[in-house]
Structures are given as structure tokens and as C-alpha cells.
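**Student:** The structure under discussion is supplied below as C-alpha cells; questions concerning it will follow.
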Amino acid sequence: MSSKKQQPAFQGKECFSRMNFLFQASMLMAGKNNALSAYYGELCRSIAKKAVLKIDPNIKRQMCKRCSLALKPGITADLHAETRRKRRKSLKNSDNVDENTSMTLTCHQCGFRRQFIVNPNYNFWLDNEESVVESITLGNNKPESKQKQSLISDKETKETTTK
Amino acid sequence: MDTNIIIRALINDMIALPQRNDMNINSEHITMLEGGNTARNSSSGRRGQRARKSVVIPRRQHRALGLHTLPTTAVSYEDATLIHRVWKRYVREALGIEQGDVLPTVDEKGHDPICQALMKMELHGAKIKVLESKCETLVGLIGVVVLETKNIFKIVSTDDRLRSIPKQDSVFCITIGNIEVVAYGKQLLTRSAERSVKKIKAILDFSSVD
Ligand SMILES: [Zn+2]
């Protein structure tokens, strides 16, 4: 990676902004036209696949893994919180969220369920500060460009900090 | 159940006479390989377990969900304008232009990179106009692209109808604010997911309107 002085190298910039747009369009259409929303979601994912770019897990979890529909709890998806029965008996009166609680997200279109385990002790790798090698701030002063930043957090290449 | 009786008779026959009375055959213990209808077979099914859904949708189900096609009246123009509004912001970001900017012409400096960017641009949500087409009836149509395949644009016009326009043999005019980009459909013959990866030789012609 040769870094030019004025323009910091930002690989796959147009792909990222394209995916960003498609995700926004998909979110916009969710509930209004689910087929279209799923189509845009699918396209967003296939661009990521073609260009070998990673989608941020937070974004990825907002799309159905099966049909790529943008999941908005209450509109295109159901969100349940469940606690496993066995352990529940011992903690009968506690409403605490612990590692036994799980959230289930069910897609309305294809019925795919995805389970997320709620564990306060678990840290994601991407939330870890060590995972961020390089952060690129785009020259524009627009707030939209910030959202894209969340899409990129690669843990490779040299450590270069550019402003 | 009569197979059970047959089996019981068969076992009875094989046991020596004096021991027969001591035998008791539990029908639950009889397993048959095929065509069996014993109590055991029917009770131990896979009914209890719910089959886990595969991540891949089978094509048949894909069709049943209606993901293959969009009906002619599925998308309203209002929804299309919503997408178009997001698209406008996207284009300004992708091309790095502000509202009211004018694109450089062929002999000016920044022409080539912007051509490249235009070719790799997302066209879903773009407002296009058909300037020329082999099919006379398509000429002059204006609409927002909601779906793009390798050979076809599907646009929604103000009458809420979805129209398919073949890219081949058509010339389109893409409007970005005050800028009009003329694109030849022949150059756009790629699947939209592949466009950002594919290398293209751009032949574009754009003019800005005051
Ligand atoms: Zn789904």
C-alpha cells in the first residue's frame, strides 16, 4: 500500500458507498415493499462478495441471513427475548439479563430465525480497540460519510494513521 | 399390524416346542427394515425435532415468496422518489460533487476519473430518460430505476407502473441535479453487482444544463 500524500488510500471506496446506499434503500423499502428490500439487500451482499469486502457485523445483523430482507423489529421481523428454562428455576425472581437470555429475531418474509446470545461479559473483537489498525476520515464535512466508517475496520496491513 | 402376527408366528416356529410357553414377544422389539408399520416405527419419527432451516433458499421457495419478479403495480412512484432522494446524496458522495457543480469536459483535467466513477455508479434510484431506442414507444419515457438486470432496466414512472426497458439499442439520459449524463445502453450491459468490480472502457458523453 503506497500512501499518497494528499489522498489517503481507501480501497474499495466506491464499493463501500454503493453498499451503503443499497443498505439505506433496503431499509427504506422494508415494510413497504419487502421483495424490493430483499433485492437491494441481496445486491449489497453480492457486491461485498464480489469485491471481497467485509460488512460490519452490526449492519450484517440487520439483514436476514436467508433472504437479505432488512429487518426492522416490529415491521419486518419479530424480536423475542427468551430465557432458558432449566436455569430459570433457580433464579426465579431475577429479571436480570444474563448469559442465559437470548434474543430471537424472526424474519417475516421467509421465517428464518436468528438467535443472539446476550452475554454482558462477551466482547466483540471489533469493539476492541486493538482491532482498529487505521481509521480514515473523509475530507467531506458531511455526517453521512461517517456511517461508512463503521463498515471498515480491517485488521491487517501496516499501521498508518492518516488524518 | 398383520405383519407383526406373521413375524410372531415365524419366531414361534423357530423355537423348540417346550420353550414356547415361556416366550413372550414384545411387539415393540420388532424392527422391520421396510414397509413396517409397527408401533415402534410410527412413534420414533423425526417429528419431535424441527428441521433446521437452511440458509440458502431453494429456488422453488424463492419463487413462492415472490422474490423472482416484481408485479407491474408493486412499486409506487412515491417509494421510488424516496429511493431517488437517497440516491442523489449517494451520487454527490460518489462523484465528489456539490449541488450546482459542473462536471469537467473531455479536454479538462478531471474528466477521466469522473468517467470511471460514473461507469461504476449504482443506477438503482437514478432518474433516467430514454432518449433513443429501437422501440419507438419507449422513447421519451422518464422514470426511476428500481430494478436492474443484465439486459433490462425496470423503471417506475409517475403512473405507478413498472416498465422494462432493454438496455441494448437504447440511449439513456441520467439526470443528476443540473447535470445530464448521456449513457449508451450498450456500455451498461453488465449485471449490476459485477459492475463495480469489472473494468470498463468508458464511452460517455455528458453535458451540463444551466
Ligand atoms: Zn428472511
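Chain labels A, B, ... are given in the sequence in which chains occur in the C-alpha cells; within each chain residues are numbered consecutively from 1, and ligands are likewise numbered from 1 in the order shown.
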Residues of chain A within 6 Å of chain B, counting only C-alpha atoms - could you list those as a ChimeraX atom specification?
**Tutor:** /A:25,35,47,66
**Student:** Grab the residues selected above and save them as a PDB file, in the first residue's frame with N, CA, C and O atoms.
**Tutor:**
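Everything below was put into again.pdb:
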ATOM      1  N   ALA A  25     -31.315   2.055   1.028  1.00  0.00           N
ATOM      2  CA  ALA A  25     -32.503   1.837   0.203  1.00  0.00           C
ATOM      3  C   ALA A  25     -33.275   0.625   0.693  1.00  0.00           C
ATOM      4  O   ALA A  25     -34.510   0.628   0.729  1.00  0.00           O
ATOM      5  N   ALA A  35     -40.170  -7.355  -1.149  1.00  0.00           N
ATOM      6  CA  ALA A  35     -39.419  -8.017  -2.215  1.00  0.00           C
ATOM      7  C   ALA A  35     -38.292  -7.121  -2.694  1.00  0.00           C
ATOM      8  O   ALA A  35     -37.168  -7.568  -2.925  1.00  0.00           O
ATOM      9  N   ILE A  47     -22.327  -7.494  -3.787  1.00  0.00           N
ATOM     10  CA  ILE A  47     -21.228  -6.582  -4.107  1.00  0.00           C
ATOM     11  C   ILE A  47     -20.078  -6.816  -3.138  1.00  0.00           C
ATOM     12  O   ILE A  47     -18.912  -6.874  -3.537  1.00  0.00           O
ATOM     13  N   ARG A  66     -31.004 -15.229   5.412  1.00  0.00           N
ATOM     14  CA  ARG A  66     -31.518 -16.123   4.392  1.00  0.00           C
ATOM     15  C   ARG A  66     -31.999 -15.364   3.155  1.00  0.00           C
ATOM     16  O   ARG A  66     -31.631 -15.681   2.039  1.00  0.00           O
TER      17      ARG A  66
END
**Student:** Return as a ChimeraX atom specification every polymer residue, whether protein, DNA or RNA, with at least one atom no more than 6 Å from an atom of ligand 1; count only C-alpha atoms and all ligand atoms.
**Tutor:** /A:64,66-67,69,107,109-112
**Student:** Rounded to one decimal in Å, what is the spacing between CA of Pro57 in chain A and CA of Leu118 in chain B?
**Tutor:**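 Taking CA of Pro57 in chain A as the start and CA of Leu118 in chain B as the end point, the length is 29.2 Å.
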**Student:** To test your reading of the structure, identify every residue in range 7-152 of chain B that backbone DSSP assigns to helix (DSSP H, G or I), and report it as a PyMOL selection string.
**Tutor:** chain B and resi 7-14+17-22+27-29+39-43+59-64+77-95+111-119+136-138
**Student:** Name all residues at most 9 Å from Leu188 in chain B (count only C-alpha atoms; drop same-chain ones fewer than 6 positions away) and give them as a list in words.
**Tutor:**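 Counting only the stated atoms, we get Met119, Lys150, Asn151, Lys167, Gln168 and Arg195 of chain B.
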**Student:** Suppose we keep C-alpha atoms; can you now write the selection as a short mmCIF file (atom, residue, chain, number, x, y, z; two decimals), in the first residue's frame?
**Tutor:**
data_model
loop_
_atom_site.label_atom_id
_atom_site.label_comp_id
_atom_site.auth_asym_id
_atom_site.auth_seq_id
_atom_site.Cartn_x
_atom_site.Cartn_y
_atom_site.Cartn_z
CA MET B 119 -19.46 3.88 -15.04
CA LYS B 150 -28.06 -7.67 -17.16
CA ASN B 151 -30.17 -6.57 -20.07
CA LYS B 167 -30.51 -1.63 -22.43
CA GLN B 168 -29.28 -2.79 -25.78
CA ARG B 195 -20.22 -3.54 -12.36
#
**Student:** Can you measure CA of Cys173 in chain B to CA of Lys154 in chain B for me? One decimal in Å is fine.
**Tutor:**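 Value for the CA of Cys173 in chain B-CA of Lys154 in chain B distance: 14.8 Å.
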**Student:** Excluding range 139-144 of chain B and residues on its chain fewer than 6 positions from it, collect all residues at most 10 Å away from it, counting only C-alpha atoms, and give them as a ChimeraX atom specification.
**Tutor:** /B:77,79-81,83-84,123-133,153-163,165,170-174
**Student:** Write to file, as a short mmCIF file (atom, residue, chain, number, x, y, z; two decimals), in the first residue's frame, the residues of the selection just made, with N, CA and C atoms.
**Tutor:**
data_model
loop_
_atom_site.label_atom_id
_atom_site.label_comp_id
_atom_site.auth_asym_id
_atom_site.auth_seq_id
_atom_site.Cartn_x
_atom_site.Cartn_y
_atom_site.Cartn_z
N TYR B 77 -44.76 5.34 -7.19
CA TYR B 77 -43.81 6.37 -7.55
C TYR B 77 -43.27 7.08 -6.32
N ASP B 79 -42.55 5.72 -3.41
CA ASP B 79 -41.43 4.93 -2.90
C ASP B 79 -40.19 5.15 -3.75
N ALA B 80 -40.44 5.20 -5.06
CA ALA B 80 -39.32 5.38 -5.97
C ALA B 80 -38.64 6.73 -5.73
N THR B 81 -39.44 7.76 -5.46
CA THR B 81 -38.82 9.06 -5.20
C THR B 81 -38.03 9.05 -3.90
N ILE B 83 -36.30 6.51 -2.81
CA ILE B 83 -35.02 5.92 -3.17
C ILE B 83 -34.19 6.93 -3.96
N HIS B 84 -34.87 7.64 -4.84
CA HIS B 84 -34.16 8.61 -5.67
C HIS B 84 -33.49 9.69 -4.81
N LEU B 123 -27.00 2.37 -10.30
CA LEU B 123 -28.06 3.01 -11.09
C LEU B 123 -29.45 2.79 -10.49
N HIS B 124 -29.55 1.99 -9.46
CA HIS B 124 -30.84 1.88 -8.78
C HIS B 124 -31.16 3.20 -8.12
N GLY B 125 -32.30 3.72 -8.42
CA GLY B 125 -32.66 5.00 -7.82
C GLY B 125 -32.39 6.17 -8.74
N ALA B 126 -31.72 5.92 -9.84
CA ALA B 126 -31.43 7.02 -10.77
C ALA B 126 -32.69 7.38 -11.57
N LYS B 127 -32.77 8.64 -11.88
CA LYS B 127 -33.89 9.07 -12.72
C LYS B 127 -33.38 9.08 -14.15
N ILE B 128 -33.95 8.27 -14.97
CA ILE B 128 -33.44 8.20 -16.34
C ILE B 128 -34.54 8.54 -17.34
N LYS B 129 -34.04 8.94 -18.50
CA LYS B 129 -34.95 9.24 -19.60
C LYS B 129 -34.43 8.49 -20.81
N VAL B 130 -35.34 7.95 -21.55
CA VAL B 130 -34.93 7.23 -22.75
C VAL B 130 -34.86 8.21 -23.90
N LEU B 131 -33.66 8.43 -24.40
CA LEU B 131 -33.50 9.38 -25.49
C LEU B 131 -33.76 8.73 -26.84
N GLU B 132 -33.16 7.56 -27.00
CA GLU B 132 -33.34 6.86 -28.27
C GLU B 132 -33.54 5.39 -27.98
N SER B 133 -34.29 4.77 -28.82
CA SER B 133 -34.45 3.34 -28.66
C SER B 133 -34.90 2.75 -29.98
N PHE B 153 -33.55 -2.48 -17.68
CA PHE B 153 -33.85 -1.56 -16.60
C PHE B 153 -35.35 -1.67 -16.33
N LYS B 154 -35.72 -1.69 -15.05
CA LYS B 154 -37.14 -1.58 -14.76
C LYS B 154 -37.37 -0.23 -14.11
N ILE B 155 -38.18 0.56 -14.73
CA ILE B 155 -38.38 1.91 -14.21
C ILE B 155 -39.82 2.11 -13.78
N VAL B 156 -40.00 3.00 -12.82
CA VAL B 156 -41.33 3.37 -12.36
C VAL B 156 -41.56 4.82 -12.75
N SER B 157 -42.66 5.04 -13.42
CA SER B 157 -43.00 6.40 -13.83
C SER B 157 -44.09 6.93 -12.92
N THR B 158 -44.52 8.12 -13.21
CA THR B 158 -45.50 8.78 -12.34
C THR B 158 -46.83 8.04 -12.26
N ASP B 159 -47.11 7.18 -13.21
CA ASP B 159 -48.39 6.46 -13.17
C ASP B 159 -48.29 5.14 -12.39
N ASP B 160 -47.22 4.99 -11.59
CA ASP B 160 -47.03 3.84 -10.70
C ASP B 160 -46.86 2.51 -11.42
N ARG B 161 -46.58 2.57 -12.67
CA ARG B 161 -46.42 1.31 -13.40
C ARG B 161 -44.95 0.99 -13.62
N LEU B 162 -44.68 -0.29 -13.61
CA LEU B 162 -43.30 -0.75 -13.79
C LEU B 162 -43.11 -1.08 -15.26
N ARG B 163 -42.05 -0.50 -15.83
CA ARG B 163 -41.81 -0.77 -17.24
C ARG B 163 -40.41 -1.32 -17.44
N ILE B 165 -37.20 -1.77 -19.78
CA ILE B 165 -36.57 -1.16 -20.94
C ILE B 165 -35.28 -1.91 -21.23
N SER B 170 -30.49 1.19 -26.81
CA SER B 170 -31.16 2.37 -26.26
C SER B 170 -30.11 3.37 -25.79
N VAL B 171 -30.50 4.60 -25.76
CA VAL B 171 -29.62 5.65 -25.22
C VAL B 171 -30.36 6.30 -24.07
N PHE B 172 -29.69 6.40 -22.94
CA PHE B 172 -30.35 6.94 -21.76
C PHE B 172 -29.74 8.27 -21.36
N CYS B 173 -30.55 9.02 -20.67
CA CYS B 173 -30.07 10.27 -20.13
C CYS B 173 -30.28 10.21 -18.62
N ILE B 174 -29.19 10.25 -17.87
CA ILE B 174 -29.29 10.18 -16.42
C ILE B 174 -29.18 11.60 -15.87
#
**Student:** Need to verify the contact set: Leu105 in chain A, 6 Å, only C-alpha atoms, exclusion of same-chain residues closer than 5 positions in sequence. Can you return it as an MDAnalysis selection string?
**Tutor:** chainID A and resid 78:79 113:114
**Student:** Which of these residues is nearest to Ser26 in chain A, using only C-alpha atoms: A:Phe116, A:Phe10, A:Asp56, A:Lys72?
**Tutor:** A:Lys72
**Student:** What does the structure give for the distance between CA of Glu78 in chain B and CA of Val182 in chain B, in Å to one decimal?
**Tutor:** 25.2 Å
